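Down below is the structure, laid out as structure tokens.
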Amino acid sequence: MDRQPPPGPTLVRALSPPAPSLNSLRFLYPHKLVVSHYLEGKPMTTDRSRLTWTFVVTCIAAFMTSLDNLVVTMALPSIREGLHASLAELEWTVNAYTLTFAVLLLPAAALGDRLGRRRVFAAGLAIFTVASAGAALAPSVGALIAARAVQGVGGAIVLPLSMTLLSAAVPPARRGAALGVWGAVSGLAIALGPLVGGAITQGAAWQWIFWLNVPLGLAAIPLAFARLTESREASSRLDIVGTVLVSLGLFGIVLGLVRGQDHGWTSTGVLGAIIAGAAGLAAFVAWELRSERAGRAPMLPLSLFRRRGFAAVNAVSVFFSFGMFGSIFLISQYLQNVMGYSPLGAGLRTLPWTAMPLIVAPIAGPLSDRIGGRPLMIAGLTMMTGGLLWMRADLAPDATFLALVPAFVIAGIGMALFFVPVANVVMGSVPPEYEGVASGTNNAVREVGGVFGIGVLASVFAAAGGYTSAIDFTHGLHLALLVGAAVTGAGALGSLLVPRRRADTVTELTDDYAVEPASALGLGLDLEPAKS
């Protein structure tokens with residue numbers, strides 16, 4: 001029988017580990033670090049065997065879902081050839097996963113809080129595993145896109161709940177270290193995604209990048225039921241209307257961006273999709289504001305955006321993901337289509353970019369603790385911008401890889417300098433009782449930034465070039481990288497609006513927040529920090 005925690009909600013400060021040195025590990029899970037989880041009472045168990053199994057299961061789940069962020073990038077040329085996919089369809093192969101993940105990240109966590117975290121976590125694993133098999137068996141690119149979208153649903157359920165379950169199982173004194181290792185596993189999966197995808201695509205076939213998830217999922221599901229302890233939070237509410245509105249809004253805008261080049265930007269279908277999407281997002285904002293005023297729990301507490309620091313760091317995060325994901329989407333194809341490398345060779349050659357955070361973070365983490373996150377964010381986005389411009393200058397139909405290495409390294413260092421402090425900056429921009437929901441919001445908007453980055457830069461690429469020749473591909477990539485660099489450069493300027501220290505932000509409270517912050521956001525919870 002599962003041990004039930006005693007009543008009395010406690011806010012678990014999962015992403016504020018007590019040891020400052022753990023800051024160097026937080027970068028390793030850059031895309032989806034936190035969703036708000038209010039755990040009941042004390043850790044669910046301190047039994048060594050159950051703790052070990054909880055760690056194993058949650059890390060397997062985190063590795064699976066994190067790997068799928070970039071593992072498909074090196075398989076795109078093979079998918080294009082095998083399924084006769086267009087550029088727009090390749091975009092959807094990536095964006096279908098990212099978009100559903102971003103939209104469902106916050107409501108999926110609330111669903112677990114309400115129905116039982118272990119039960120919903122296992123269901124998410126099942127969805128992800130079945131969808132992976134469906135992607136591997138896809139007979140057409142349409143079926144592959146549909147399977148990727150379902151994968152995103154499973155990933156949105158699994159990732160946040162894996163952190164919650166691990167946080168609850170670990171004693172407070174060891175929670176920071178456990179979450180640091182969990183983040184390292186997730187970040188390692190992201191860094192190795194292009195390499196793993198390239199190796200599997202070359203050694204077997206692109207379908208095996210999805211088959212890889214199936215045995216892991218089949219092993220993890222029964223272990224989740226047998227070894228994890230159930231918990232729930234009865235006061236969690238689901239914002240179904242908000243979820244539907246934001247899903248339709250984002251889908252409409254991304255659909256218009258993806259179809260614009262092929263169908264014409266002024267065509268009825270493209271303009272109609274973008275206008276409908278904008279209307280959906282406007283309705284979402286209106287609904288969320290209404291929910292807050294009515295005292296209900298909104299999916300996205302828009303009141304947090306009244307705080308300068310929170311609004312600035314989220315805007316900057318969108319710009320960063322826009323430039324990073326959009327550029328990697330095209331560079332991974334350039335390495336194969338123009339430079340002629342195999343999928344494995346291309347994956348290995350992205351490591352100076354994607355793996356650079358593994359080297360930089362141990363240095364940048366303690367530095368962020370001493371000087372604050374804003375200087376590192378500014379430096380990181382500036383270096384990212386410089387790296388993209390350097391790539392653009394050296395890219396040519398006959399370019400050599402060695403000529404690109406310095407640009408890759410600079411972009412990778414910039415990526416690390418941004419990743420390291422962003423979680424602390426986000427949580428430092430709001431009162432402690434909102435750290436979970438604030439970080440979850442940041443994770444979601446970064447995913448959305450990546451979706452728009454791929455959509456916009458691919459459209460720019462298609463307008464200026466294409467796949468017909470190496471010269472056409474390079475010409476299109478030149479303009480796309482210029483746009484990406486402009487966006488990350490704007491992010492560097494926007495970082496100037498981020499407060500220097502947490503002390504700068506705690507005084508930004510409005511009178512409503514200062515009197516009763518939980519009721520101001522419609523959370524309806526009596527929260528107190530977890531004692532360690």
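Here's how to read the names in the structure tokens: chain A, B, ... by the order shown, residue numbers from 1 in each chain, ligand numbers from 1 in the order shown.
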
With range 406-417 of chain A as the partner and 12 Å as the cut-off, tabulate the residues of range 461-490 of chain A that qualify, each row holding the nearest pair of atoms and their distance in Å to one decimal, using only C-alpha atoms, sorted by chain and rising number, as JSON lines.
{"residue": "A:Ala485", "atom": "CA", "partner": "A:Ala411", "partner_atom": "CA", "distance": 10.7}
{"residue": "A:Thr488", "atom": "CA", "partner": "A:Gly414", "partner_atom": "CA", "distance": 10.6}
{"residue": "A:Gly489", "atom": "CA", "partner": "A:Gly414", "partner_atom": "CA", "distance": 11.8}

Writing out the chosen residues with all heavy atoms as an mmCIF file, in the first residue's frame:
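Produced file result.cif, reproduced below:
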data_model
loop_
_atom_site.group_PDB
_atom_site.id
_atom_site.type_symbol
_atom_site.label_atom_id
_atom_site.label_comp_id
_atom_site.auth_asym_id
_atom_site.auth_seq_id
_atom_site.Cartn_x
_atom_site.Cartn_y
_atom_site.Cartn_z
ATOM 1 N N ALA A 485 20.212 36.075 -36.404
ATOM 2 C CA ALA A 485 21.145 36.903 -35.648
ATOM 3 C C ALA A 485 20.494 38.215 -35.214
ATOM 4 O O ALA A 485 20.750 38.710 -34.110
ATOM 5 C CB ALA A 485 22.392 37.190 -36.487
ATOM 6 N N THR A 488 18.339 37.339 -32.100
ATOM 7 C CA THR A 488 19.126 37.139 -30.878
ATOM 8 C C THR A 488 19.811 38.431 -30.448
ATOM 9 O O THR A 488 20.007 38.671 -29.250
ATOM 10 C CB THR A 488 20.179 36.033 -31.075
ATOM 11 O OG1 THR A 488 20.994 36.336 -32.211
ATOM 12 C CG2 THR A 488 19.509 34.676 -31.281
ATOM 13 N N GLY A 489 20.168 39.277 -31.411
ATOM 14 C CA GLY A 489 20.717 40.580 -31.047
ATOM 15 C C GLY A 489 19.694 41.437 -30.323
ATOM 16 O O GLY A 489 20.021 42.138 -29.348
#

Within 9 Å of range 468-481 of chain A, counting only C-alpha atoms, which residues show up once you throw out same-chain ones fewer than 4 positions away? Write them as a PDB file with N, CA, C and O atoms, in the first residue's frame, please.
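Contents of out22.pdb, freshly written:
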ATOM      1  N   GLY A 323      16.237  32.063 -32.372  1.00  0.00           N
ATOM      2  CA  GLY A 323      17.487  31.999 -33.111  1.00  0.00           C
ATOM      3  C   GLY A 323      18.154  30.642 -33.048  1.00  0.00           C
ATOM      4  O   GLY A 323      18.670  30.150 -34.056  1.00  0.00           O
ATOM      5  N   GLY A 326      15.768  27.682 -34.820  1.00  0.00           N
ATOM      6  CA  GLY A 326      15.654  27.938 -36.250  1.00  0.00           C
ATOM      7  C   GLY A 326      16.964  27.719 -36.977  1.00  0.00           C
ATOM      8  O   GLY A 326      16.990  27.157 -38.085  1.00  0.00           O
ATOM      9  N   SER A 327      18.080  28.119 -36.366  1.00  0.00           N
ATOM     10  CA  SER A 327      19.386  27.957 -36.998  1.00  0.00           C
ATOM     11  C   SER A 327      19.808  26.492 -37.050  1.00  0.00           C
ATOM     12  O   SER A 327      20.294  26.011 -38.084  1.00  0.00           O
ATOM     13  N   LEU A 330      18.237  24.405 -39.840  1.00  0.00           N
ATOM     14  CA  LEU A 330      18.788  24.568 -41.186  1.00  0.00           C
ATOM     15  C   LEU A 330      20.247  24.129 -41.272  1.00  0.00           C
ATOM     16  O   LEU A 330      20.662  23.533 -42.272  1.00  0.00           O
ATOM     17  N   ILE A 331      21.049  24.413 -40.244  1.00  0.00           N
ATOM     18  CA  ILE A 331      22.461  24.029 -40.272  1.00  0.00           C
ATOM     19  C   ILE A 331      22.618  22.511 -40.364  1.00  0.00           C
ATOM     20  O   ILE A 331      23.513  21.996 -41.054  1.00  0.00           O
ATOM     21  N   TYR A 334      22.279  21.670 -43.881  1.00  0.00           N
ATOM     22  CA  TYR A 334      23.411  22.165 -44.671  1.00  0.00           C
ATOM     23  C   TYR A 334      24.599  21.202 -44.592  1.00  0.00           C
ATOM     24  O   TYR A 334      25.258  20.929 -45.601  1.00  0.00           O
ATOM     25  N   ASN A 337      23.300  18.168 -46.874  1.00  0.00           N
ATOM     26  CA  ASN A 337      22.907  18.431 -48.259  1.00  0.00           C
ATOM     27  C   ASN A 337      23.967  19.178 -49.049  1.00  0.00           C
ATOM     28  O   ASN A 337      24.093  18.978 -50.267  1.00  0.00           O
ATOM     29  N   VAL A 338      24.730  20.061 -48.408  1.00  0.00           N
ATOM     30  CA  VAL A 338      25.718  20.870 -49.119  1.00  0.00           C
ATOM     31  C   VAL A 338      27.132  20.331 -48.892  1.00  0.00           C
ATOM     32  O   VAL A 338      27.892  20.128 -49.848  1.00  0.00           O
ATOM     33  N   MET A 339      27.493  20.086 -47.623  1.00  0.00           N
ATOM     34  CA  MET A 339      28.852  19.637 -47.329  1.00  0.00           C
ATOM     35  C   MET A 339      29.032  18.144 -47.561  1.00  0.00           C
ATOM     36  O   MET A 339      30.165  17.652 -47.591  1.00  0.00           O
ATOM     37  N   LEU A 388      26.320  33.370 -35.041  1.00  0.00           N
ATOM     38  CA  LEU A 388      25.468  33.216 -36.224  1.00  0.00           C
ATOM     39  C   LEU A 388      25.976  34.072 -37.383  1.00  0.00           C
ATOM     40  O   LEU A 388      25.967  33.636 -38.548  1.00  0.00           O
ATOM     41  N   LEU A 389      26.422  35.285 -37.085  1.00  0.00           N
ATOM     42  CA  LEU A 389      26.957  36.137 -38.140  1.00  0.00           C
ATOM     43  C   LEU A 389      28.264  35.566 -38.695  1.00  0.00           C
ATOM     44  O   LEU A 389      28.542  35.660 -39.909  1.00  0.00           O
ATOM     45  N   MET A 391      29.029  32.351 -38.803  1.00  0.00           N
ATOM     46  CA  MET A 391      28.618  31.240 -39.669  1.00  0.00           C
ATOM     47  C   MET A 391      28.196  31.753 -41.035  1.00  0.00           C
ATOM     48  O   MET A 391      28.574  31.204 -42.084  1.00  0.00           O
ATOM     49  N   ARG A 392      27.378  32.803 -41.024  1.00  0.00           N
ATOM     50  CA  ARG A 392      26.885  33.349 -42.291  1.00  0.00           C
ATOM     51  C   ARG A 392      28.051  33.796 -43.171  1.00  0.00           C
ATOM     52  O   ARG A 392      28.031  33.602 -44.398  1.00  0.00           O
ATOM     53  N   ALA A 393      29.079  34.382 -42.572  1.00  0.00           N
ATOM     54  CA  ALA A 393      30.217  34.873 -43.353  1.00  0.00           C
ATOM     55  C   ALA A 393      31.028  33.730 -43.965  1.00  0.00           C
ATOM     56  O   ALA A 393      31.580  33.874 -45.068  1.00  0.00           O
ATOM     57  N   LEU A 395      29.875  30.438 -44.478  1.00  0.00           N
ATOM     58  CA  LEU A 395      29.128  29.428 -45.216  1.00  0.00           C
ATOM     59  C   LEU A 395      29.244  29.664 -46.718  1.00  0.00           C
ATOM     60  O   LEU A 395      29.073  30.780 -47.210  1.00  0.00           O
ATOM     61  N   ALA A 396      29.547  28.598 -47.440  1.00  0.00           N
ATOM     62  CA  ALA A 396      29.648  28.650 -48.897  1.00  0.00           C
ATOM     63  C   ALA A 396      29.446  27.238 -49.428  1.00  0.00           C
ATOM     64  O   ALA A 396      29.568  26.254 -48.671  1.00  0.00           O
ATOM     65  N   PRO A 397      29.113  27.094 -50.697  1.00  0.00           N
ATOM     66  CA  PRO A 397      28.947  25.743 -51.241  1.00  0.00           C
ATOM     67  C   PRO A 397      30.196  24.872 -51.090  1.00  0.00           C
ATOM     68  O   PRO A 397      30.088  23.647 -51.002  1.00  0.00           O
ATOM     69  N   ASP A 398      31.375  25.493 -51.060  1.00  0.00           N
ATOM     70  CA  ASP A 398      32.618  24.729 -50.933  1.00  0.00           C
ATOM     71  C   ASP A 398      33.313  24.980 -49.601  1.00  0.00           C
ATOM     72  O   ASP A 398      34.531  24.786 -49.471  1.00  0.00           O
ATOM     73  N   VAL A 456       9.630  30.715 -39.080  1.00  0.00           N
ATOM     74  CA  VAL A 456      10.028  31.950 -39.756  1.00  0.00           C
ATOM     75  C   VAL A 456      11.317  31.756 -40.550  1.00  0.00           C
ATOM     76  O   VAL A 456      11.403  32.139 -41.734  1.00  0.00           O
ATOM     77  N   LEU A 457      12.345  31.168 -39.932  1.00  0.00           N
ATOM     78  CA  LEU A 457      13.616  31.031 -40.641  1.00  0.00           C
ATOM     79  C   LEU A 457      13.504  30.070 -41.823  1.00  0.00           C
ATOM     80  O   LEU A 457      14.161  30.280 -42.851  1.00  0.00           O
ATOM     81  N   ALA A 458      12.677  29.052 -41.706  1.00  0.00           N
ATOM     82  CA  ALA A 458      12.476  28.164 -42.855  1.00  0.00           C
ATOM     83  C   ALA A 458      11.761  28.906 -43.985  1.00  0.00           C
ATOM     84  O   ALA A 458      12.070  28.693 -45.168  1.00  0.00           O
ATOM     85  N   SER A 459      10.833  29.785 -43.647  1.00  0.00           N
ATOM     86  CA  SER A 459      10.153  30.581 -44.679  1.00  0.00           C
ATOM     87  C   SER A 459      11.122  31.545 -45.348  1.00  0.00           C
ATOM     88  O   SER A 459      11.091  31.732 -46.575  1.00  0.00           O
ATOM     89  N   VAL A 460      11.993  32.167 -44.559  1.00  0.00           N
ATOM     90  CA  VAL A 460      13.008  33.060 -45.121  1.00  0.00           C
ATOM     91  C   VAL A 460      13.943  32.274 -46.031  1.00  0.00           C
ATOM     92  O   VAL A 460      14.299  32.722 -47.138  1.00  0.00           O
ATOM     93  N   PHE A 461      14.348  31.098 -45.580  1.00  0.00           N
ATOM     94  CA  PHE A 461      15.213  30.232 -46.385  1.00  0.00           C
ATOM     95  C   PHE A 461      14.557  29.891 -47.714  1.00  0.00           C
ATOM     96  O   PHE A 461      15.189  29.973 -48.776  1.00  0.00           O
ATOM     97  N   ALA A 462      13.288  29.504 -47.678  1.00  0.00           N
ATOM     98  CA  ALA A 462      12.596  29.104 -48.899  1.00  0.00           C
ATOM     99  C   ALA A 462      12.401  30.283 -49.846  1.00  0.00           C
ATOM    100  O   ALA A 462      12.420  30.116 -51.075  1.00  0.00           O
ATOM    101  N   ALA A 463      12.238  31.484 -49.289  1.00  0.00           N
ATOM    102  CA  ALA A 463      12.034  32.657 -50.141  1.00  0.00           C
ATOM    103  C   ALA A 463      13.300  33.040 -50.889  1.00  0.00           C
ATOM    104  O   ALA A 463      13.236  33.556 -52.017  1.00  0.00           O
ATOM    105  N   ALA A 464      14.463  32.785 -50.282  1.00  0.00           N
ATOM    106  CA  ALA A 464      15.728  33.214 -50.881  1.00  0.00           C
ATOM    107  C   ALA A 464      16.505  32.081 -51.529  1.00  0.00           C
ATOM    108  O   ALA A 464      17.474  32.332 -52.250  1.00  0.00           O
ATOM    109  N   ALA A 485      20.212  36.075 -36.404  1.00  0.00           N
ATOM    110  CA  ALA A 485      21.145  36.903 -35.648  1.00  0.00           C
ATOM    111  C   ALA A 485      20.494  38.215 -35.214  1.00  0.00           C
ATOM    112  O   ALA A 485      20.750  38.710 -34.110  1.00  0.00           O
ATOM    113  N   ALA A 486      19.642  38.773 -36.067  1.00  0.00           N
ATOM    114  CA  ALA A 486      18.941  40.006 -35.701  1.00  0.00           C
ATOM    115  C   ALA A 486      18.032  39.784 -34.503  1.00  0.00           C
ATOM    116  O   ALA A 486      17.945  40.630 -33.598  1.00  0.00           O
TER     117      ALA A 486
END

What is the CA of Leu344 in chain A-CA of Gly82 in chain A distance in Å, reported with one decimal?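 One can read the CA of Leu344 in chain A to CA of Gly82 in chain A distance as 17.4 Å.
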
Would you mind listing what lies within 8 Å of Phe325 in chain A as a PyMOL selection string, with only C-alpha atoms counted and same-chain residues fewer than 5 positions away left out? chain A and resi 450-451+453-454

To one decimal in Å, tell me the separation between CA of Leu281 in chain A and CA of Leu245 in chain A.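 Going from CA of Leu281 in chain A over to CA of Leu245 in chain A, I get 6.6 Å.
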
Which residues are near range 347-360 of chain A? Cut-off 10 Å, only C-alpha atoms, ignore same chain within fewer than 3 positions. Put them as a short mmCIF file (atom, residue, chain, number, x, y, z; two decimals) with N, CA, C and O atoms, in the first residue's frame.
data_model
loop_
_atom_site.label_atom_id
_atom_site.label_comp_id
_atom_site.auth_asym_id
_atom_site.auth_seq_id
_atom_site.Cartn_x
_atom_site.Cartn_y
_atom_site.Cartn_z
N SER A 24 25.48 25.45 -11.66
CA SER A 24 26.18 25.06 -12.87
C SER A 24 25.52 23.88 -13.55
O SER A 24 25.81 23.59 -14.70
N LEU A 25 24.61 23.18 -12.86
CA LEU A 25 23.93 22.05 -13.46
C LEU A 25 22.61 22.43 -14.09
O LEU A 25 22.07 21.70 -14.90
N PHE A 27 21.71 24.56 -16.29
CA PHE A 27 21.68 24.78 -17.71
C PHE A 27 21.36 23.48 -18.44
O PHE A 27 20.86 23.50 -19.56
N LEU A 28 21.68 22.34 -17.85
CA LEU A 28 21.64 21.08 -18.57
C LEU A 28 20.23 20.67 -18.93
O LEU A 28 20.04 19.77 -19.71
N LEU A 70 16.00 17.21 -30.27
CA LEU A 70 16.91 17.43 -31.39
C LEU A 70 17.31 16.15 -32.11
O LEU A 70 18.04 16.21 -33.11
N VAL A 71 16.86 14.98 -31.64
CA VAL A 71 17.31 13.74 -32.26
C VAL A 71 16.86 13.63 -33.71
O VAL A 71 17.52 13.00 -34.54
N THR A 73 16.68 16.03 -35.90
CA THR A 73 17.25 17.02 -36.82
C THR A 73 18.18 16.38 -37.85
O THR A 73 18.17 16.76 -39.02
N MET A 74 19.01 15.42 -37.42
CA MET A 74 19.94 14.80 -38.36
C MET A 74 19.28 13.78 -39.27
O MET A 74 19.89 13.31 -40.23
N ALA A 75 18.03 13.43 -38.97
CA ALA A 75 17.31 12.50 -39.82
C ALA A 75 16.46 13.22 -40.86
O ALA A 75 15.86 12.57 -41.73
N ALA A 184 21.13 17.07 -15.30
CA ALA A 184 22.28 16.68 -16.11
C ALA A 184 21.90 15.59 -17.12
O ALA A 184 22.33 15.62 -18.28
N GLY A 187 19.82 17.29 -19.84
CA GLY A 187 20.65 18.12 -20.70
C GLY A 187 21.58 17.31 -21.58
O GLY A 187 21.85 17.67 -22.73
N LEU A 188 22.11 16.21 -21.03
CA LEU A 188 22.97 15.35 -21.83
C LEU A 188 22.20 14.76 -23.01
O LEU A 188 22.73 14.65 -24.12
N ILE A 190 19.73 16.20 -24.57
CA ILE A 190 19.57 17.25 -25.56
C ILE A 190 20.87 17.47 -26.33
O ILE A 190 20.86 17.58 -27.56
N ALA A 191 21.99 17.51 -25.62
CA ALA A 191 23.27 17.73 -26.28
C ALA A 191 23.62 16.59 -27.23
O ALA A 191 24.21 16.81 -28.30
N LEU A 192 23.27 15.37 -26.86
CA LEU A 192 23.60 14.20 -27.68
C LEU A 192 22.56 13.92 -28.75
O LEU A 192 22.76 13.02 -29.58
N GLY A 193 21.44 14.67 -28.74
CA GLY A 193 20.37 14.40 -29.70
C GLY A 193 20.84 14.34 -31.14
O GLY A 193 20.58 13.33 -31.85
N PRO A 194 21.53 15.37 -31.67
CA PRO A 194 21.98 15.29 -33.06
C PRO A 194 22.94 14.13 -33.32
O PRO A 194 22.86 13.48 -34.37
N LEU A 195 23.84 13.86 -32.37
CA LEU A 195 24.78 12.76 -32.56
C LEU A 195 24.07 11.42 -32.58
O LEU A 195 24.32 10.58 -33.45
N VAL A 196 23.19 11.19 -31.62
CA VAL A 196 22.44 9.93 -31.58
C VAL A 196 21.58 9.77 -32.83
O VAL A 196 21.52 8.69 -33.44
N GLY A 197 20.88 10.84 -33.20
CA GLY A 197 20.05 10.77 -34.40
C GLY A 197 20.85 10.47 -35.64
O GLY A 197 20.44 9.65 -36.47
N GLY A 198 22.03 11.10 -35.77
CA GLY A 198 22.86 10.84 -36.93
C GLY A 198 23.40 9.42 -36.95
O GLY A 198 23.42 8.76 -37.99
N ALA A 199 23.84 8.92 -35.78
CA ALA A 199 24.39 7.56 -35.72
C ALA A 199 23.33 6.52 -36.05
O ALA A 199 23.60 5.57 -36.81
N ILE A 328 19.64 25.76 -35.95
CA ILE A 328 20.04 24.35 -35.93
C ILE A 328 19.22 23.54 -36.93
O ILE A 328 19.73 22.62 -37.58
N ILE A 331 21.05 24.41 -40.24
CA ILE A 331 22.46 24.03 -40.27
C ILE A 331 22.62 22.51 -40.36
O ILE A 331 23.51 22.00 -41.05
N SER A 332 21.77 21.76 -39.65
CA SER A 332 21.86 20.31 -39.69
C SER A 332 21.65 19.78 -41.11
O SER A 332 22.26 18.77 -41.51
N LEU A 335 24.88 20.69 -43.39
CA LEU A 335 26.01 19.79 -43.23
C LEU A 335 25.87 18.54 -44.08
O LEU A 335 26.88 17.96 -44.53
N GLN A 336 24.65 18.10 -44.34
CA GLN A 336 24.44 16.90 -45.13
C GLN A 336 24.19 17.21 -46.60
O GLN A 336 24.80 16.61 -47.49
N TYR A 341 28.21 15.44 -45.70
CA TYR A 341 28.48 14.54 -44.60
C TYR A 341 27.34 13.55 -44.40
O TYR A 341 26.18 13.84 -44.71
N SER A 342 27.68 12.39 -43.88
CA SER A 342 26.66 11.41 -43.52
C SER A 342 25.90 11.90 -42.30
O SER A 342 26.32 12.85 -41.62
N PRO A 343 24.76 11.30 -41.96
CA PRO A 343 24.05 11.72 -40.74
C PRO A 343 24.92 11.66 -39.49
O PRO A 343 24.88 12.57 -38.66
N LEU A 344 25.71 10.60 -39.35
CA LEU A 344 26.60 10.50 -38.19
C LEU A 344 27.68 11.57 -38.25
O LEU A 344 27.98 12.23 -37.24
N ILE A 363 31.95 26.54 -15.06
CA ILE A 363 32.63 27.81 -14.81
C ILE A 363 31.61 28.94 -14.65
O ILE A 363 31.70 29.78 -13.76
N ALA A 364 30.62 28.94 -15.54
CA ALA A 364 29.65 30.02 -15.54
C ALA A 364 28.70 29.96 -14.35
O ALA A 364 28.21 31.00 -13.90
N GLY A 365 28.45 28.76 -13.82
CA GLY A 365 27.52 28.64 -12.70
C GLY A 365 27.95 29.42 -11.48
O GLY A 365 27.22 30.28 -10.99
N GLY A 387 28.19 34.47 -33.21
CA GLY A 387 28.41 33.16 -33.80
C GLY A 387 27.58 32.94 -35.06
O GLY A 387 28.07 32.40 -36.07
N PHE A 401 34.64 22.33 -42.96
CA PHE A 401 34.12 22.29 -41.59
C PHE A 401 35.02 23.07 -40.63
O PHE A 401 34.53 23.76 -39.74
N LEU A 402 36.33 22.97 -40.81
CA LEU A 402 37.25 23.67 -39.91
C LEU A 402 37.01 25.18 -39.92
O LEU A 402 37.21 25.85 -38.90
N LEU A 404 34.17 26.54 -40.01
CA LEU A 404 32.96 26.79 -39.24
C LEU A 404 33.14 26.55 -37.75
O LEU A 404 32.30 26.99 -36.95
N VAL A 405 34.18 25.82 -37.36
CA VAL A 405 34.35 25.45 -35.95
C VAL A 405 34.37 26.66 -35.02
O VAL A 405 33.68 26.66 -33.98
N PRO A 406 35.15 27.72 -35.30
CA PRO A 406 35.13 28.86 -34.37
C PRO A 406 33.73 29.45 -34.17
O PRO A 406 33.37 29.80 -33.03
N ALA A 407 32.96 29.55 -35.23
CA ALA A 407 31.60 30.08 -35.10
C ALA A 407 30.73 29.15 -34.27
O ALA A 407 29.92 29.61 -33.45
N PHE A 408 30.86 27.84 -34.47
CA PHE A 408 30.11 26.88 -33.68
C PHE A 408 30.46 27.01 -32.20
O PHE A 408 29.59 26.97 -31.32
N VAL A 409 31.75 27.14 -31.91
CA VAL A 409 32.19 27.23 -30.51
C VAL A 409 31.65 28.50 -29.86
O VAL A 409 31.15 28.47 -28.72
N ILE A 410 31.74 29.61 -30.55
CA ILE A 410 31.24 30.88 -29.99
C ILE A 410 29.74 30.79 -29.74
O ILE A 410 29.24 31.21 -28.68
N ALA A 411 28.99 30.25 -30.70
CA ALA A 411 27.54 30.10 -30.51
C ALA A 411 27.24 29.16 -29.35
O ALA A 411 26.31 29.39 -28.57
N GLY A 412 28.04 28.10 -29.20
CA GLY A 412 27.83 27.16 -28.09
C GLY A 412 28.12 27.78 -26.74
O GLY A 412 27.40 27.55 -25.77
N ILE A 413 29.19 28.57 -26.67
CA ILE A 413 29.49 29.27 -25.40
C ILE A 413 28.37 30.24 -25.07
O ILE A 413 27.93 30.35 -23.92
N GLY A 414 27.89 30.97 -26.08
CA GLY A 414 26.78 31.88 -25.85
C GLY A 414 25.54 31.16 -25.36
O GLY A 414 24.83 31.64 -24.46
N MET A 415 25.26 30.01 -25.94
CA MET A 415 24.12 29.21 -25.51
C MET A 415 24.25 28.82 -24.04
O MET A 415 23.30 28.92 -23.26
N ALA A 416 25.44 28.40 -23.64
CA ALA A 416 25.67 28.00 -22.25
C ALA A 416 25.52 29.17 -21.30
O ALA A 416 24.92 29.05 -20.23
N LEU A 417 26.07 30.33 -21.67
CA LEU A 417 25.98 31.50 -20.80
C LEU A 417 24.55 31.95 -20.59
O LEU A 417 24.21 32.53 -19.56
N PHE A 418 23.70 31.69 -21.56
CA PHE A 418 22.28 32.01 -21.38
C PHE A 418 21.59 30.95 -20.54
O PHE A 418 20.80 31.26 -19.65
N PHE A 419 21.87 29.68 -20.81
CA PHE A 419 21.20 28.59 -20.11
C PHE A 419 21.47 28.62 -18.61
O PHE A 419 20.58 28.38 -17.81
N VAL A 420 22.70 28.88 -18.23
CA VAL A 420 23.10 28.75 -16.83
C VAL A 420 22.25 29.60 -15.90
O VAL A 420 21.70 29.10 -14.91
#

Could you check how far CA of Ser140 in chain A sits from CA of His84 in chain A, in Å to one decimal?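 Those two atoms sit 8.5 Å apart.
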
Please, which residues in range 64-96 of chain A fall within 12 Å of range 201-216 of chain A when counting only C-alpha atoms, and what is the closest atom pair and distance in Å to one decimal for each, ordered by chain then residue number, as JSON lines?
{"residue": "A:Met64", "atom": "CA", "partner": "A:Asn213", "partner_atom": "CA", "distance": 6.4}
{"residue": "A:Thr65", "atom": "CA", "partner": "A:Asn213", "partner_atom": "CA", "distance": 8.8}
{"residue": "A:Ser66", "atom": "CA", "partner": "A:Asn213", "partner_atom": "CA", "distance": 11.3}
{"residue": "A:Leu67", "atom": "CA", "partner": "A:Asn213", "partner_atom": "CA", "distance": 9.5}
{"residue": "A:Asp68", "atom": "CA", "partner": "A:Phe210", "partner_atom": "CA", "distance": 8.6}
{"residue": "A:Asn69", "atom": "CA", "partner": "A:Ile209", "partner_atom": "CA", "distance": 11.7}
{"residue": "A:Leu70", "atom": "CA", "partner": "A:Ile209", "partner_atom": "CA", "distance": 10.8}
{"residue": "A:Val71", "atom": "CA", "partner": "A:Ile209", "partner_atom": "CA", "distance": 7.2}
{"residue": "A:Val72", "atom": "CA", "partner": "A:Ile209", "partner_atom": "CA", "distance": 7.4}
{"residue": "A:Thr73", "atom": "CA", "partner": "A:Trp206", "partner_atom": "CA", "distance": 10.5}
{"residue": "A:Met74", "atom": "CA", "partner": "A:Thr201", "partner_atom": "CA", "distance": 7.7}
{"residue": "A:Ala75", "atom": "CA", "partner": "A:Trp206", "partner_atom": "CA", "distance": 5.7}
{"residue": "A:Leu76", "atom": "CA", "partner": "A:Trp206", "partner_atom": "CA", "distance": 8.6}
{"residue": "A:Pro77", "atom": "CA", "partner": "A:Trp206", "partner_atom": "CA", "distance": 9.7}
{"residue": "A:Ser78", "atom": "CA", "partner": "A:Trp206", "partner_atom": "CA", "distance": 6.8}
{"residue": "A:Ile79", "atom": "CA", "partner": "A:Trp206", "partner_atom": "CA", "distance": 7.0}
{"residue": "A:Arg80", "atom": "CA", "partner": "A:Trp206", "partner_atom": "CA", "distance": 10.6}
{"residue": "A:Glu81", "atom": "CA", "partner": "A:Trp206", "partner_atom": "CA", "distance": 10.9}
{"residue": "A:Gly82", "atom": "CA", "partner": "A:Trp206", "partner_atom": "CA", "distance": 9.1}
{"residue": "A:Leu83", "atom": "CA", "partner": "A:Trp206", "partner_atom": "CA", "distance": 10.9}

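Between Ile240 in chain A and the residues A:Ala173, A:Ala273, A:Leu104, A:Met324, the shortest atom-to-atom distance, using only C-alpha atoms, involves A:Leu104.
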